[in-house]
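Source file: upload_18.txt (compact mmCIF, C-alpha atoms and all ligand atoms)
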```
# COMPACT_ATOMS: atom_id res chain seq x y z
CA MET M 1 0.00 0.00 0.00
CA ARG M 2 0.91 3.66 -0.23
CA THR M 3 0.40 6.69 2.03
CA GLN M 4 1.84 10.19 2.26
CA VAL M 5 3.53 9.99 5.66
CA VAL M 6 4.43 6.88 7.67
CA ILE M 7 4.62 7.71 11.36
CA ILE M 8 6.63 5.21 13.37
CA GLY M 9 5.49 5.24 17.02
CA GLY M 10 2.02 5.81 18.49
CA GLY M 11 3.14 7.83 21.53
CA PRO M 12 2.16 11.48 21.96
CA SER M 13 4.49 12.80 19.20
CA GLY M 14 3.31 10.38 16.54
CA LEU M 15 -0.37 10.69 17.41
CA LEU M 16 -0.32 14.49 17.57
CA LEU M 17 1.48 14.77 14.25
CA GLY M 18 -0.95 12.28 12.70
CA GLN M 19 -4.01 14.19 13.91
CA LEU M 20 -2.68 17.58 12.79
CA LEU M 21 -1.85 16.20 9.32
CA HIS M 22 -5.26 14.54 9.10
CA LYS M 23 -6.93 17.92 9.74
CA GLN M 24 -4.98 19.29 6.76
CA GLY M 25 -6.00 16.44 4.48
CA ILE M 26 -2.56 14.81 4.57
CA GLU M 27 -2.76 11.04 4.98
CA ALA M 28 -0.61 9.26 7.53
CA VAL M 29 -0.39 5.70 8.87
CA VAL M 30 0.81 5.19 12.45
CA LEU M 31 2.82 2.05 13.24
CA GLU M 32 2.91 1.18 16.97
CA ARG M 33 4.87 -1.71 18.45
CA LYS M 34 2.61 -2.18 21.50
CA THR M 35 -1.15 -2.27 22.08
CA ARG M 36 -3.19 0.87 22.74
CA GLU M 37 -3.80 -0.34 26.34
CA TYR M 38 -0.08 -0.75 26.92
CA VAL M 39 0.68 2.76 25.65
CA LEU M 40 -2.11 4.20 27.83
CA GLY M 41 -0.81 2.33 30.87
CA ARG M 42 2.48 4.23 30.93
CA ILE M 43 2.40 6.97 33.55
CA ARG M 44 4.64 9.80 32.42
CA ALA M 45 4.48 13.57 32.15
CA GLY M 46 1.85 15.78 33.74
CA VAL M 47 2.57 19.43 32.93
CA LEU M 48 1.65 20.90 29.54
CA GLU M 49 2.97 24.14 28.08
CA THR M 50 0.38 26.32 26.36
CA GLY M 51 2.20 25.63 23.06
CA LEU M 52 1.18 21.97 23.33
CA VAL M 53 -2.33 22.98 24.38
CA HIS M 54 -2.63 25.14 21.24
CA LEU M 55 -1.50 22.22 19.08
CA MET M 56 -4.15 20.03 20.73
CA GLU M 57 -6.71 22.75 19.92
CA GLU M 58 -5.55 22.90 16.31
CA ALA M 59 -5.80 19.11 16.13
CA GLY M 60 -9.40 19.39 17.42
CA VAL M 61 -8.71 17.32 20.56
CA ALA M 62 -8.63 19.88 23.38
CA ASN M 63 -12.21 19.72 24.70
CA ARG M 64 -11.56 17.34 27.59
CA LEU M 65 -8.22 19.00 28.31
CA HIS M 66 -9.99 22.34 28.77
CA LYS M 67 -12.69 20.75 30.92
CA GLU M 68 -10.55 18.52 33.11
CA GLY M 69 -7.08 20.10 33.00
CA TYR M 70 -5.93 22.36 35.83
CA VAL M 71 -4.53 25.80 35.08
CA HIS M 72 -1.47 26.45 37.26
CA ASP M 73 -0.40 30.07 37.61
CA GLY M 74 2.84 29.29 39.43
CA THR M 75 4.92 26.74 41.31
CA GLN M 76 6.61 26.29 44.68
CA ILE M 77 10.30 25.71 45.37
CA ALA M 78 11.27 24.25 48.77
CA PHE M 79 14.73 24.43 50.30
CA GLY M 80 16.07 24.33 53.86
CA GLY M 81 12.63 23.74 55.37
CA GLU M 82 11.17 26.84 53.64
CA MET M 83 9.19 27.36 50.48
CA PHE M 84 8.80 30.21 47.99
CA HIS M 85 6.36 30.85 45.19
CA LEU M 86 7.19 31.63 41.57
CA ASP M 87 4.27 33.39 39.91
CA PHE M 88 4.23 32.48 36.20
CA MET M 89 1.29 34.77 35.44
CA ALA M 90 2.90 37.85 37.03
CA LEU M 91 6.29 37.05 35.45
CA THR M 92 5.22 35.97 31.95
CA GLY M 93 1.44 36.27 31.63
CA THR M 94 1.30 32.54 30.80
CA PRO M 95 0.25 29.58 32.96
CA VAL M 96 0.89 25.83 32.52
CA ILE M 97 -1.81 23.16 32.40
CA VAL M 98 -1.76 20.03 34.56
CA TYR M 99 -3.20 17.19 32.45
CA GLY M 100 -1.58 13.77 32.24
CA GLN M 101 0.27 12.48 29.20
CA THR M 102 -1.95 9.40 29.44
CA GLU M 103 -5.01 11.60 28.89
CA VAL M 104 -3.36 13.47 26.00
CA THR M 105 -2.63 10.12 24.38
CA ARG M 106 -6.12 8.77 25.05
CA ASP M 107 -7.74 11.87 23.49
CA LEU M 108 -5.53 11.50 20.40
CA TYR M 109 -6.28 7.77 20.00
CA ASP M 110 -10.02 8.46 20.35
CA ALA M 111 -9.86 11.22 17.72
CA ARG M 112 -7.83 9.00 15.39
CA GLU M 113 -10.39 6.23 15.70
CA ALA M 114 -13.31 8.62 15.20
CA ALA M 115 -11.64 9.97 12.04
CA GLY M 116 -11.11 6.46 10.70
CA ALA M 117 -7.36 7.10 10.44
CA ARG M 118 -5.21 4.00 10.18
CA THR M 119 -3.13 2.82 13.16
CA GLU M 120 -1.35 -0.54 13.07
CA PHE M 121 -0.69 -1.97 16.54
CA GLU M 122 1.67 -4.74 17.59
CA VAL M 123 3.99 -4.29 14.64
CA ASP M 124 7.45 -5.85 14.83
CA HIS M 125 10.72 -5.44 12.97
CA VAL M 126 9.93 -2.06 11.49
CA VAL M 127 12.61 -1.26 8.91
CA ILE M 128 13.03 2.05 7.08
CA HIS M 129 14.24 1.69 3.48
CA ASP M 130 15.76 4.26 1.12
CA ALA M 131 15.11 7.26 3.39
CA ASP M 132 17.85 9.10 1.48
CA SER M 133 16.04 8.63 -1.85
CA ASP M 134 12.85 10.12 -3.36
CA LYS M 135 11.00 6.83 -2.88
CA PRO M 136 11.29 5.63 0.70
CA HIS M 137 9.29 2.72 2.10
CA VAL M 138 8.79 0.99 5.41
CA THR M 139 8.43 -2.75 6.05
CA TYR M 140 7.13 -4.40 9.22
CA GLU M 141 5.78 -7.67 10.52
CA GLN M 142 2.32 -8.17 11.90
CA ASN M 143 0.56 -11.44 12.70
CA GLY M 144 3.43 -13.33 11.10
CA GLN M 145 3.13 -11.44 7.80
CA THR M 146 5.61 -9.00 6.29
CA LYS M 147 3.97 -5.79 5.08
CA ARG M 148 5.20 -2.81 3.08
CA ILE M 149 4.10 0.83 2.92
CA ASP M 150 5.47 3.21 0.27
CA CYS M 151 5.39 6.88 1.23
CA ASP M 152 6.69 10.40 0.65
CA PHE M 153 8.07 10.93 4.15
CA ILE M 154 8.74 9.04 7.37
CA ALA M 155 8.33 10.57 10.82
CA GLY M 156 10.44 8.75 13.41
CA CYS M 157 8.34 9.24 16.57
CA ASP M 158 9.38 5.95 18.17
CA GLY M 159 10.99 7.17 21.36
CA PHE M 160 14.49 6.67 22.71
CA HIS M 161 14.60 2.91 22.03
CA GLY M 162 13.05 3.04 18.55
CA VAL M 163 14.57 2.15 15.19
CA SER M 164 14.38 5.53 13.46
CA ARG M 165 17.41 7.23 14.98
CA ASN M 166 19.65 4.24 14.29
CA THR M 167 18.63 4.28 10.63
CA ILE M 168 20.66 7.47 10.20
CA PRO M 169 24.22 6.40 9.29
CA LEU M 170 26.86 6.90 11.95
CA ASN M 171 28.94 9.11 9.69
CA VAL M 172 25.98 11.54 9.46
CA ARG M 173 24.76 11.34 13.06
CA ARG M 174 26.33 12.99 16.10
CA GLU M 175 25.10 12.18 19.62
CA TYR M 176 25.56 14.17 22.81
CA GLU M 177 24.81 12.54 26.15
CA LYS M 178 25.01 13.13 29.87
CA THR M 179 23.86 10.60 32.45
CA TYR M 180 23.09 11.44 36.07
CA PRO M 181 24.11 9.36 39.09
CA PHE M 182 20.53 8.92 40.37
CA GLY M 183 16.98 8.16 39.26
CA TRP M 184 13.44 9.19 40.18
CA LEU M 185 11.12 6.88 42.05
CA GLY M 186 7.56 7.88 41.13
CA VAL M 187 4.34 6.95 42.92
CA LEU M 188 0.76 7.52 41.78
CA SER M 189 -1.87 7.38 44.53
CA GLU M 190 -5.60 8.01 44.80
CA THR M 191 -5.14 10.71 47.41
CA PRO M 192 -5.78 14.47 47.30
CA PRO M 193 -2.73 16.55 46.27
CA VAL M 194 -0.81 17.96 49.23
CA HIS M 195 -0.84 21.49 47.77
CA ASP M 196 -2.67 23.35 45.00
CA GLU M 197 0.63 23.98 43.14
CA LEU M 198 3.53 21.66 42.34
CA ILE M 199 6.31 21.64 44.94
CA TYR M 200 9.88 21.07 43.74
CA ALA M 201 12.06 20.37 46.79
CA ASN M 202 15.79 20.30 47.36
CA SER M 203 16.50 18.60 50.70
CA GLU M 204 19.55 17.19 52.43
CA ARG M 205 18.21 13.73 51.64
CA GLY M 206 17.75 14.51 47.95
CA PHE M 207 15.17 15.88 45.53
CA ALA M 208 11.40 15.46 45.88
CA LEU M 209 8.47 16.58 43.74
CA CYS M 210 4.81 16.81 44.75
CA SER M 211 2.62 16.80 41.66
CA MET M 212 -0.93 15.80 40.81
CA ARG M 213 -3.38 14.70 38.16
CA ASN M 214 -6.72 15.70 39.73
CA GLU M 215 -8.35 16.36 43.12
CA ASN M 216 -8.06 12.71 44.09
CA LEU M 217 -4.99 11.61 42.17
CA SER M 218 -1.50 12.61 43.22
CA ARG M 219 1.90 12.01 41.67
CA TYR M 220 5.01 12.15 43.84
CA TYR M 221 8.66 11.59 43.02
CA ILE M 222 11.82 11.22 45.08
CA GLN M 223 15.42 11.07 43.93
CA CYS M 224 16.72 7.50 44.45
CA ALA M 225 19.85 5.46 43.79
CA LEU M 226 20.16 3.99 40.29
CA SER M 227 20.64 0.58 41.89
CA ASP M 228 17.23 0.78 43.67
CA HIS M 229 14.30 -1.38 42.52
CA ALA M 230 10.76 0.01 42.72
CA GLU M 231 9.42 -3.26 44.17
CA ASP M 232 11.82 -2.98 47.12
CA TRP M 233 10.33 0.37 48.12
CA THR M 234 7.26 -0.28 50.29
CA ASP M 235 4.57 2.40 50.23
CA LYS M 236 5.38 3.09 53.89
CA ALA M 237 9.06 3.66 53.16
CA PHE M 238 8.19 5.93 50.23
CA TRP M 239 5.81 8.16 52.21
CA SER M 240 8.23 8.36 55.11
CA GLU M 241 11.10 9.40 52.82
CA LEU M 242 8.93 11.94 50.99
CA LYS M 243 7.87 13.53 54.30
CA HIS M 244 11.49 13.96 55.31
CA ARG M 245 12.24 15.86 52.11
CA ILE M 246 9.45 18.47 52.15
CA PRO M 247 8.83 21.32 54.62
CA ASP M 248 7.21 20.19 57.91
CA GLU M 249 4.05 22.23 57.39
CA ILE M 250 3.50 20.40 54.06
CA ALA M 251 4.48 16.98 55.41
CA ASP M 252 1.89 17.41 58.17
CA LYS M 253 -0.83 17.84 55.52
CA LEU M 254 0.26 14.94 53.29
CA VAL M 255 -2.48 12.37 52.82
CA THR M 256 -0.94 8.97 52.15
CA GLY M 257 -2.53 5.86 50.68
CA ALA M 258 -1.84 2.75 48.65
CA SER M 259 0.22 3.37 45.52
CA ILE M 260 -1.48 2.42 42.27
CA GLU M 261 1.74 2.72 40.25
CA LYS M 262 5.37 2.79 41.31
CA SER M 263 8.34 2.97 38.96
CA ILE M 264 11.91 4.20 38.69
CA ALA M 265 13.18 6.26 35.75
CA PRO M 266 16.87 7.03 35.20
CA LEU M 267 17.79 10.62 34.35
CA ARG M 268 19.50 11.42 31.09
CA SER M 269 20.30 14.34 28.82
CA PHE M 270 20.65 13.27 25.19
CA VAL M 271 20.52 14.95 21.78
CA THR M 272 21.12 13.54 18.31
CA GLU M 273 21.98 15.80 15.37
CA PRO M 274 20.74 16.25 12.71
CA MET M 275 17.06 15.47 13.23
CA ARG M 276 16.53 14.87 9.52
CA TRP M 277 18.14 12.47 7.08
CA GLY M 278 16.72 12.62 3.56
CA ARG M 279 13.00 11.89 3.93
CA LEU M 280 13.24 10.70 7.52
CA PHE M 281 12.47 13.19 10.32
CA LEU M 282 13.04 12.44 14.01
CA CYS M 283 10.53 13.82 16.52
CA GLY M 284 10.43 13.78 20.33
CA ASP M 285 12.26 11.20 22.43
CA ALA M 286 13.59 9.53 19.27
CA ALA M 287 15.89 12.54 18.93
CA HIS M 288 16.35 13.85 22.47
CA ILE M 289 15.86 13.14 26.15
CA VAL M 290 15.85 15.58 29.05
CA PRO M 291 15.97 14.82 32.77
CA PRO M 292 12.32 15.27 33.88
CA THR M 293 12.95 18.04 36.43
CA GLY M 294 11.64 20.89 34.27
CA ALA M 295 8.73 18.89 32.75
CA LYS M 296 10.19 19.47 29.28
CA GLY M 297 10.13 15.95 27.71
CA LEU M 298 6.62 15.87 26.34
CA ASN M 299 6.60 19.62 25.68
CA THR M 300 9.77 19.49 23.60
CA ALA M 301 8.34 16.57 21.63
CA ALA M 302 5.38 18.87 20.90
CA SER M 303 7.58 21.67 19.59
CA ASP M 304 9.23 19.23 17.16
CA VAL M 305 5.76 18.23 15.98
CA HIS M 306 4.92 21.90 15.46
CA TYR M 307 7.93 22.47 13.16
CA LEU M 308 7.48 19.22 11.24
CA TYR M 309 3.73 19.69 10.83
CA HIS M 310 4.16 23.19 9.44
CA GLY M 311 6.99 22.03 7.18
CA LEU M 312 4.88 19.21 5.74
CA VAL M 313 1.84 21.45 5.23
CA GLN M 314 4.05 23.98 3.42
CA HIS M 315 5.40 21.17 1.24
CA TYR M 316 2.01 19.69 0.32
CA HIS M 317 -0.10 22.85 0.13
CA ASP M 318 2.38 25.48 -1.09
CA LYS M 319 4.91 23.24 -2.89
CA ASP M 320 7.60 24.92 -0.77
CA SER M 321 10.25 22.77 0.89
CA ASP M 322 11.77 25.49 3.09
CA GLY M 323 10.00 24.27 6.27
CA ILE M 324 11.15 20.67 5.95
CA ASP M 325 14.61 21.73 4.80
CA ARG M 326 15.02 23.85 7.92
CA TYR M 327 13.21 21.42 10.27
CA SER M 328 16.32 20.06 11.97
CA GLU M 329 17.89 23.49 12.46
CA LYS M 330 14.70 25.06 13.88
CA ALA M 331 13.80 22.12 16.12
CA LEU M 332 17.33 21.78 17.50
CA LEU M 333 17.57 25.46 18.42
CA ARG M 334 14.65 25.02 20.79
CA VAL M 335 15.69 21.50 21.88
CA TRP M 336 19.06 22.73 23.14
CA LYS M 337 17.40 25.49 25.16
CA ALA M 338 15.11 22.91 26.80
CA GLU M 339 18.17 20.72 27.43
CA ARG M 340 19.93 23.65 29.09
CA PHE M 341 16.99 24.47 31.33
CA SER M 342 16.37 20.84 32.33
CA TRP M 343 20.07 20.29 33.08
CA TRP M 344 20.30 23.52 35.11
CA PHE M 345 17.09 22.88 37.09
CA SER M 346 18.18 19.29 37.80
CA GLY M 347 21.50 20.59 39.11
CA LEU M 348 19.72 23.14 41.29
CA LEU M 349 17.58 20.59 43.11
CA HIS M 350 19.38 17.22 43.31
CA ARG M 351 22.05 16.01 45.70
CA TYR M 352 24.93 14.48 43.72
CA PRO M 353 26.99 11.78 45.43
CA ASP M 354 30.26 13.67 44.95
CA MET M 355 29.15 17.18 46.00
CA SER M 356 31.76 19.15 47.95
CA GLU M 357 30.96 21.71 50.64
CA PHE M 358 31.68 24.35 48.00
CA ASP M 359 29.21 22.77 45.56
CA LEU M 360 26.54 22.79 48.27
CA LYS M 361 27.16 26.49 48.96
CA MET M 362 26.88 27.24 45.21
CA GLN M 363 23.58 25.36 45.03
CA ALA M 364 22.21 27.24 48.06
CA ALA M 365 23.31 30.57 46.56
CA ASP M 366 21.71 29.68 43.22
CA ILE M 367 18.40 28.93 44.98
CA ALA M 368 18.61 32.13 47.05
CA PHE M 369 19.27 34.12 43.86
CA LEU M 370 16.16 32.62 42.29
CA ARG M 371 14.12 33.41 45.42
CA ASP M 372 15.34 37.03 45.63
CA ASN M 373 15.98 38.20 42.07
CA GLU M 374 13.09 39.05 39.80
CA ALA M 375 15.13 38.86 36.58
CA GLN M 376 16.19 35.32 37.47
CA GLN M 377 12.60 34.43 38.35
CA ARG M 378 11.46 35.74 34.99
CA ALA M 379 14.11 33.72 33.17
CA PHE M 380 13.00 30.63 35.10
CA ALA M 381 9.31 31.24 34.42
CA GLU M 382 9.85 31.89 30.69
CA ASN M 383 11.59 28.54 30.38
CA TYR M 384 9.13 26.64 32.57
CA VAL M 385 5.99 27.86 30.78
CA GLY M 386 7.74 27.19 27.47
CA LEU M 387 9.91 29.28 25.16
CA PRO M 388 8.12 30.51 22.02
CA TYR M 389 8.05 28.19 18.98
P1 LIG M 401 7.26 7.91 23.45
O1 LIG M 401 6.24 8.37 24.42
O2 LIG M 401 8.40 7.08 23.95
O3 LIG M 401 6.49 7.11 22.32
C1 LIG M 401 7.17 6.33 21.36
C2 LIG M 401 6.25 5.24 20.88
O4 LIG M 401 6.91 4.49 19.88
C3 LIG M 401 5.89 4.24 21.98
O5 LIG M 401 4.49 4.09 22.02
C4 LIG M 401 6.62 2.96 21.60
O6 LIG M 401 5.92 1.80 21.99
C5 LIG M 401 6.69 3.11 20.08
N1 LIG M 401 7.82 2.40 19.48
C6 LIG M 401 9.08 2.27 19.94
N2 LIG M 401 9.83 1.57 19.09
C7 LIG M 401 9.03 1.25 18.05
C8 LIG M 401 9.24 0.52 16.85
N3 LIG M 401 10.42 -0.01 16.57
N4 LIG M 401 8.21 0.36 16.01
C9 LIG M 401 7.00 0.91 16.30
N5 LIG M 401 6.74 1.61 17.43
C10 LIG M 401 7.75 1.77 18.30
N6 LIG M 401 8.44 13.87 30.69
C11 LIG M 401 8.01 14.84 31.47
O7 LIG M 401 7.91 15.98 31.00
N7 LIG M 401 7.66 14.57 32.78
C12 LIG M 401 7.74 13.30 33.31
O8 LIG M 401 7.42 13.07 34.46
C13 LIG M 401 8.21 12.27 32.53
N8 LIG M 401 8.33 11.00 33.01
C14 LIG M 401 8.83 10.02 32.20
C15 LIG M 401 8.98 8.73 32.68
C16 LIG M 401 9.51 7.72 31.86
C17 LIG M 401 9.68 6.31 32.41
C18 LIG M 401 9.88 8.03 30.53
C19 LIG M 401 10.46 6.94 29.62
C20 LIG M 401 9.69 9.32 30.05
C21 LIG M 401 9.18 10.32 30.87
N9 LIG M 401 8.99 11.63 30.42
C22 LIG M 401 8.54 12.61 31.20
C23 LIG M 401 9.28 12.01 29.08
C24 LIG M 401 8.00 12.05 28.23
O9 LIG M 401 7.12 11.07 28.67
C25 LIG M 401 8.45 11.85 26.82
O10 LIG M 401 9.25 12.97 26.46
C26 LIG M 401 7.31 11.67 25.83
O11 LIG M 401 6.66 10.44 26.08
C27 LIG M 401 7.86 11.68 24.41
O12 LIG M 401 6.88 11.27 23.53
P2 LIG M 401 7.26 10.50 22.20
O13 LIG M 401 5.96 10.26 21.52
O14 LIG M 401 8.33 11.22 21.50
O15 LIG M 401 7.92 9.13 22.68
C1 LIG M 402 5.45 15.80 36.67
C2 LIG M 402 6.63 15.33 36.19
C3 LIG M 402 7.70 16.18 36.04
O1 LIG M 402 8.86 15.75 35.55
C4 LIG M 402 7.60 17.50 36.41
O2 LIG M 402 8.68 18.31 36.30
C5 LIG M 402 6.43 17.97 36.88
C6 LIG M 402 5.34 17.11 37.01
C7 LIG M 402 4.30 14.86 36.81
O3 LIG M 402 4.43 13.70 36.46
O4 LIG M 402 3.27 15.30 37.32
```
Hey, can you dump this file as structure tokens for me?
Ligand code: FAD
Ligand code: DHB
Amino acid sequence: MRTQVVIIGGGPSGLLLGQLLHKQGIEAVVLERKTREYVLGRIRAGVLETGLVHLMEEAGVANRLHKEGYVHDGTQIAFGGEMFHLDFMALTGTPVIVYGQTEVTRDLYDAREAAGARTEFEVDHVVIHDADSDKPHVTYEQNGQTKRIDCDFIAGCDGFHGVSRNTIPLNVRREYEKTYPFGWLGVLSETPPVHDELIYANSERGFALCSMRNENLSRYYIQCALSDHAEDWTDKAFWSELKHRIPDEIADKLVTGASIEKSIAPLRSFVTEPMRWGRLFLCGDAAHIVPPTGAKGLNTAASDVHYLYHGLVQHYHDKDSDGIDRYSEKALLRVWKAERFSWWFSGLLHRYPDMSEFDLKMQAADIAFLRDNEAQQRAFAENYVGLPY
């Protein structure tokens, strides 16, 4: 068979791109390795920039987000037993929206189904052929059969462990990576959030984050050792550790309960360049990873989708290839800024195993500067709510 764009990966990047293209009359097939239920079972990001919200609106899938999402005008930073507020609205005029990645993905799958757009689940051995020619195609296996789709373009939206990035030859591709000597242990619980804003905490015992999904669903994270296993952390041990890492007045209000999900994610900064090779375009985690501290993973995936979507529309509707020719350059400019912010914010809040007394003093001074200096607060808020596309 033939289509215009093959999208490899049915995560948020692939689905959002597919829905935006569909609205413009551009046909795309999504190939997803797992089942829909599996994809929707992954608990990941929770904070959306307004740029992503606007893309969801343009894709015609923002109704539930506007009804059920929570508008957050600011956030809290805790350090040394105290807490201060950063007011996004006063500093930038822009809020963020709390709405889970699971819900974003569910809304996109529902819209895709309603539109009758084609998604192939449980595909194996996806191989990209001739991406550096005018006639690329993709092969895959499904139910024991090998299938082929010819296309104009391929969008590699298959996450960090996908096949798309590795299709780009090593002599073309350059990778930049930083790993961190700790992970995040995350817990989801059917309990009311401890505060009406997110709390990012730097404590002597390590980082903690109090987040939420709705009035009876909370998401908490604590910095943990990379050698830890989620199943070895009892709920009791988790809640006790979290309480030690947040200010007393907040810990006293924390409502604990059984965890309904518990997992550990390693932290990594990673970028591959370029994000385009011939007719293959990388989008989202396939091209870059940020440590989750600034909530930039999903949002940076969305900005890639924005640039690629506009480039493809320009190609098909205006017969102008400038947008796709400059895709990699434009996307990477914003990617590196998100990498910088996520790296900086991670450094501000985590305890590294090898920190010297001097390093600790620098971290404390950096936090005090953020608390006391409006220009620094504005720079923080501009990055957190999302730099312009
Ligand atoms: P993905 O969501 O990874 O989607 C890729 C899709 O491609 C998947 O559905 C996968 O099954 C499919 N796929 C992979 N290989 C193939 C193949 N060969 N063929 C076909 N399909 C394939 N970001 C935040 O901002 N905050 C967070 O708290 C946060 N927590 C995270 C926790 C974890 C464990 C991880 C892994 C990421 C987290 N992120 C977080 C990052 C955020 O979730 C990602 O940036 C976002 O999911 C990127 O979307 P994507 O569509 O590019 O990639
Ligand atoms: C969440 C995750 C993040 O990485 C973050 O910075 C804020 C919120 C969350 O899962 O709610």
Could you check which residues have any atom within 12 Å of (3.4, -2.2, 26.1), counting all atoms listed in the file with coordinates taken straight from the file, and then list them as a PyMOL selection string? chain M and resi 9-11+32-43+121-123
Near-segment 227-236 of chain M list (12 Å; all atoms listed in the file; drop same-chain fewer than 3 positions) as a count of residues only: 30
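Distance check against ligand LIG 402 (chain M) using all atoms listed in the file: of M:Ile246, M:Met275, M:Leu217, M:Ala364, the minimum falls on M:Leu217.
Considering the residues M:Glu215, M:Val255, M:Ala225, M:Ile8 and counting all atoms listed in the file, Asp124 of chain M has its shortest atom-to-atom contact with M:Ile8.
One finds atom CA of Thr50 of chain M at 11.5 Å from atom CA of Tyr99 of chain M.
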I'd like a table as a Markdown table: residues in chain M with an atom no more than 8 Å from ligand LIG 402 (chain M), each row giving the shortest atom pair and its distance in Å to one decimal, all atoms listed in the file counted, sorted by chain and rising residue number.
```
| residue | atom | partner | partner_atom | distance |
| --- | --- | --- | --- | --- |
| M:Ile43 | CA | M:LIG402 | O3 | 7.6 |
| M:Arg44 | CA | M:LIG402 | O3 | 5.6 |
| M:Ala45 | CA | M:LIG402 | O3 | 4.3 |
| M:Gly46 | CA | M:LIG402 | O4 | 3.9 |
| M:Val47 | CA | M:LIG402 | C6 | 5.4 |
| M:Val98 | CA | M:LIG402 | O4 | 7.4 |
| M:Gly100 | CA | M:LIG402 | O4 | 7.2 |
| M:Leu198 | CA | M:LIG402 | C5 | 7.2 |
| M:Leu209 | CA | M:LIG402 | C5 | 7.3 |
| M:Cys210 | CA | M:LIG402 | O4 | 7.7 |
| M:Ser211 | CA | M:LIG402 | O4 | 4.6 |
| M:Met212 | CA | M:LIG402 | O4 | 5.5 |
| M:Arg213 | CA | M:LIG402 | O4 | 6.7 |
| M:Arg219 | CA | M:LIG402 | O4 | 5.6 |
| M:Tyr220 | CA | M:LIG402 | O4 | 7.4 |
| M:Pro291 | CA | M:LIG402 | O1 | 7.7 |
| M:Pro292 | CA | M:LIG402 | O1 | 3.9 |
| M:Thr293 | CA | M:LIG402 | O2 | 4.3 |
| M:Gly294 | CA | M:LIG402 | O2 | 4.4 |
| M:Ala295 | CA | M:LIG402 | O2 | 3.6 |
| M:Lys296 | CA | M:LIG402 | O2 | 7.3 |
| M:Gly297 | CA | M:LIG402 | O1 | 7.9 |
```
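With all atoms listed in the file as the atoms that count, the residue of M:Asn143, M:Thr119, M:Gln101, M:Thr179 with the shortest distance to Pro12 of chain M is M:Gln101.
Reported to one decimal place, the separation of atom CA of Glu204 of chain M from atom CA of Glu357 of chain M is 12.4 Å.
Compared by their closest atoms to ligand LIG 401 (chain M), and using only C-alpha atoms and all ligand atoms, the residues M:Asn216, M:Ser269, M:Asn202, M:Asn373 rank with M:Ser269 nearest.
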Contacts of Lys135 of chain M within 10 Å, only C-alpha atoms, excl. fewer than 6 positions in-chain, as a count of residues only: 6
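When atom CA of Leu226 of chain M is paired with atom CA of Val104 of chain M, their separation reads 29.1 Å.
Excluding Gln314 of chain M itself and any same-chain residue fewer than 4 positions from it, the protein and nucleic acid residues within 12 Å of it, counting only C-alpha atoms, are Leu21, Gln24, Ile26, Tyr307, Leu308, Tyr309, His310, Asp318, Lys319, Asp320, Ser321, Asp322, Gly323, Ile324, Asp325, Arg326 and Tyr327 of chain M.
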Residues from the last selection, C-alpha atoms, saved as a PDB file, in the coordinates of the input:
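Output file selection12.pdb follows:
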```
ATOM      1  CA  LEU M  21      -1.850  16.200   9.320  1.00  0.00           C
ATOM      2  CA  GLN M  24      -4.980  19.290   6.760  1.00  0.00           C
ATOM      3  CA  ILE M  26      -2.560  14.810   4.570  1.00  0.00           C
ATOM      4  CA  TYR M 307       7.930  22.470  13.160  1.00  0.00           C
ATOM      5  CA  LEU M 308       7.480  19.220  11.240  1.00  0.00           C
ATOM      6  CA  TYR M 309       3.730  19.690  10.830  1.00  0.00           C
ATOM      7  CA  HIS M 310       4.160  23.190   9.440  1.00  0.00           C
ATOM      8  CA  ASP M 318       2.380  25.480  -1.090  1.00  0.00           C
ATOM      9  CA  LYS M 319       4.910  23.240  -2.890  1.00  0.00           C
ATOM     10  CA  ASP M 320       7.600  24.920  -0.770  1.00  0.00           C
ATOM     11  CA  SER M 321      10.250  22.770   0.890  1.00  0.00           C
ATOM     12  CA  ASP M 322      11.770  25.490   3.090  1.00  0.00           C
ATOM     13  CA  GLY M 323      10.000  24.270   6.270  1.00  0.00           C
ATOM     14  CA  ILE M 324      11.150  20.670   5.950  1.00  0.00           C
ATOM     15  CA  ASP M 325      14.610  21.730   4.800  1.00  0.00           C
ATOM     16  CA  ARG M 326      15.020  23.850   7.920  1.00  0.00           C
ATOM     17  CA  TYR M 327      13.210  21.420  10.270  1.00  0.00           C
TER      18      TYR M 327
END
```
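Among M:Tyr384, M:Tyr389, M:Phe341, M:Phe270, the residue with the shortest atom-to-atom distance to Ser303 of chain M, counting all atoms listed in the file, is M:Tyr389.
You can rank M:Phe207, M:Trp343, M:Tyr316, M:Trp336 by their closest distance to Tyr180 of chain M using all atoms listed in the file, and at the top of that list sits M:Trp343.
All residues of protein, DNA or RNA that reach within 10 Å of Pro95 of chain M, judged by all atoms listed in the file and not counting those fewer than 4 positions away in the chain, are Leu48, Glu49, Thr50, Tyr70, Val71, His72, Asp73, Gly74, Thr75, Asp87, Phe88, Met89, Ala90, Leu91, Ala381, Tyr384, Val385 and Gly386 of chain M.
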Using all atoms listed in the file, what residues lie at most 7 Å away from (5.5, -0.4, 3.5) (file coordinates), given as number ranges by chain? M: 1, 137-139, 147-150
What would the file look like if the residues just selected were written as an mmCIF file, in the frame of the given file with C-alpha atoms?
```cif
data_model
loop_
_atom_site.group_PDB
_atom_site.id
_atom_site.type_symbol
_atom_site.label_atom_id
_atom_site.label_comp_id
_atom_site.auth_asym_id
_atom_site.auth_seq_id
_atom_site.Cartn_x
_atom_site.Cartn_y
_atom_site.Cartn_z
ATOM 1 C CA MET M 1 0.000 0.000 0.000
ATOM 2 C CA HIS M 137 9.290 2.720 2.100
ATOM 3 C CA VAL M 138 8.790 0.990 5.410
ATOM 4 C CA THR M 139 8.430 -2.750 6.050
ATOM 5 C CA LYS M 147 3.970 -5.790 5.080
ATOM 6 C CA ARG M 148 5.200 -2.810 3.080
ATOM 7 C CA ILE M 149 4.100 0.830 2.920
ATOM 8 C CA ASP M 150 5.470 3.210 0.270
#
```
